[in-house]
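Source file: work.txt; contents: compact mmCIF, N, CA and C atoms.
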```txt
# COMPACT_ATOMS: atom_id res chain seq x y z
N MET S 1 93.50 76.28 118.57
CA MET S 1 94.50 76.86 119.50
C MET S 1 94.34 78.38 119.54
N PRO S 2 93.32 78.89 120.18
CA PRO S 2 93.16 80.36 120.24
C PRO S 2 94.21 81.02 121.12
N ALA S 3 94.73 80.30 122.11
CA ALA S 3 95.71 80.90 123.02
C ALA S 3 97.02 81.19 122.27
N SER S 4 97.47 80.26 121.44
CA SER S 4 98.73 80.46 120.72
C SER S 4 98.57 81.59 119.69
N ILE S 5 97.38 81.67 119.08
CA ILE S 5 97.14 82.73 118.10
C ILE S 5 97.14 84.09 118.79
N GLU S 6 96.55 84.14 119.98
CA GLU S 6 96.53 85.40 120.72
C GLU S 6 97.95 85.79 121.14
N LEU S 7 98.74 84.79 121.56
CA LEU S 7 100.13 85.07 121.94
C LEU S 7 100.92 85.56 120.73
N LEU S 8 100.67 84.94 119.58
CA LEU S 8 101.37 85.35 118.36
C LEU S 8 101.00 86.79 118.01
N GLY S 9 99.73 87.15 118.21
CA GLY S 9 99.31 88.52 117.92
C GLY S 9 99.98 89.51 118.86
N LEU S 10 100.11 89.11 120.14
CA LEU S 10 100.76 90.01 121.11
C LEU S 10 102.24 90.17 120.78
N LEU S 11 102.87 89.11 120.28
CA LEU S 11 104.30 89.19 119.96
C LEU S 11 104.53 89.94 118.66
N SER S 12 103.54 89.92 117.76
CA SER S 12 103.74 90.56 116.45
C SER S 12 103.73 92.08 116.56
N VAL S 13 103.13 92.61 117.63
CA VAL S 13 103.05 94.08 117.75
C VAL S 13 104.44 94.70 117.93
N PRO S 14 105.24 94.28 118.93
CA PRO S 14 106.59 94.87 119.06
C PRO S 14 107.50 94.52 117.88
N VAL S 15 107.32 93.34 117.31
CA VAL S 15 108.15 92.95 116.17
C VAL S 15 107.85 93.84 114.97
N LEU S 16 106.56 94.06 114.72
CA LEU S 16 106.18 94.92 113.59
C LEU S 16 106.65 96.34 113.81
N SER S 17 106.50 96.84 115.04
CA SER S 17 106.93 98.21 115.33
C SER S 17 108.45 98.34 115.17
N PHE S 18 109.19 97.28 115.57
CA PHE S 18 110.64 97.32 115.44
C PHE S 18 111.05 97.31 113.98
N VAL S 19 110.39 96.46 113.18
CA VAL S 19 110.71 96.37 111.75
C VAL S 19 110.38 97.69 111.04
N ILE S 20 109.20 98.25 111.36
CA ILE S 20 108.81 99.51 110.73
C ILE S 20 109.78 100.63 111.14
N GLY S 21 110.18 100.63 112.41
CA GLY S 21 111.13 101.65 112.88
C GLY S 21 112.47 101.52 112.19
N ALA S 22 112.93 100.29 112.00
CA ALA S 22 114.22 100.08 111.33
C ALA S 22 114.15 100.53 109.87
N VAL S 23 113.02 100.21 109.21
CA VAL S 23 112.86 100.62 107.80
C VAL S 23 112.81 102.13 107.69
N VAL S 24 112.08 102.77 108.60
CA VAL S 24 111.97 104.23 108.55
C VAL S 24 113.33 104.88 108.82
N MET S 25 114.08 104.33 109.78
CA MET S 25 115.38 104.92 110.10
C MET S 25 116.35 104.77 108.93
N THR S 26 116.36 103.61 108.28
CA THR S 26 117.27 103.42 107.14
C THR S 26 116.83 104.30 105.96
N TRP S 27 115.50 104.41 105.76
CA TRP S 27 114.99 105.25 104.67
C TRP S 27 115.32 106.71 104.92
N PHE S 28 115.12 107.16 106.17
CA PHE S 28 115.42 108.55 106.50
C PHE S 28 116.92 108.81 106.42
N GLY S 29 117.72 107.81 106.79
CA GLY S 29 119.17 107.97 106.69
C GLY S 29 119.61 108.12 105.25
N ARG S 30 119.01 107.33 104.34
CA ARG S 30 119.37 107.46 102.93
C ARG S 30 118.90 108.79 102.38
N ILE S 31 117.72 109.23 102.78
CA ILE S 31 117.18 110.50 102.29
C ILE S 31 118.06 111.65 102.78
N SER S 32 118.49 111.61 104.05
CA SER S 32 119.28 112.71 104.60
C SER S 32 120.68 112.74 104.00
N GLN S 33 121.15 111.60 103.47
CA GLN S 33 122.49 111.57 102.88
C GLN S 33 122.45 111.85 101.38
N SER S 34 121.24 111.93 100.80
CA SER S 34 121.14 112.16 99.36
C SER S 34 121.47 113.61 99.04
N PRO S 35 122.05 113.90 97.89
CA PRO S 35 122.42 115.28 97.54
C PRO S 35 121.21 116.20 97.40
N LEU S 36 120.05 115.66 96.99
CA LEU S 36 118.86 116.51 96.85
C LEU S 36 118.45 117.08 98.20
N PHE S 37 118.54 116.24 99.27
CA PHE S 37 118.18 116.71 100.59
C PHE S 37 119.20 117.72 101.11
N LEU S 38 120.48 117.51 100.76
CA LEU S 38 121.51 118.43 101.22
C LEU S 38 121.38 119.78 100.53
N GLN S 39 120.76 119.80 99.34
CA GLN S 39 120.58 121.08 98.64
C GLN S 39 119.41 121.86 99.20
N GLY S 40 118.63 121.24 100.08
CA GLY S 40 117.54 121.96 100.72
C GLY S 40 116.17 121.61 100.17
N ARG S 41 116.09 120.63 99.24
CA ARG S 41 114.78 120.27 98.68
C ARG S 41 114.04 119.35 99.62
```
Go through the file and emit its structure as structure tokens.
Amino acid sequence: MPASIELLGLLSVPVLSFVIGAVVMTWFGRISQSPLFLQGR
């Protein structure tokens, strides 16, 4: 089934980008709220 595998690959790109974006946003949010970041480090 090469067609389904190709479709799965096409669908995995936006899903992966969305997951990576969500992880980066939550990580950056935690970093920006940490006291070390507020002190200017």
If you measure from atom CA of Leu7 of chain S to atom CA of Ala22 of chain S, what distance in Å do you get, rounded to one decimal?
23.2 Å
Emit as lines of an AutoDock Vina configuration file the padded axis-aligned box for all listed atoms of segment 2-6 of chain S, 3 Å per side, with centre and edge lengths in Å to one decimal.
```
center_x = 95.9
center_y = 82.3
center_z = 120.6
size_x = 11.6
size_y = 12.9
size_z = 10.9
```
Mind pulling up the distance from atom C of Leu16 of chain S to atom N of Ala3 of chain S?
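Between atom N of Ala3 of chain S and atom C of Leu16 of chain S the gap is 21.6 Å.
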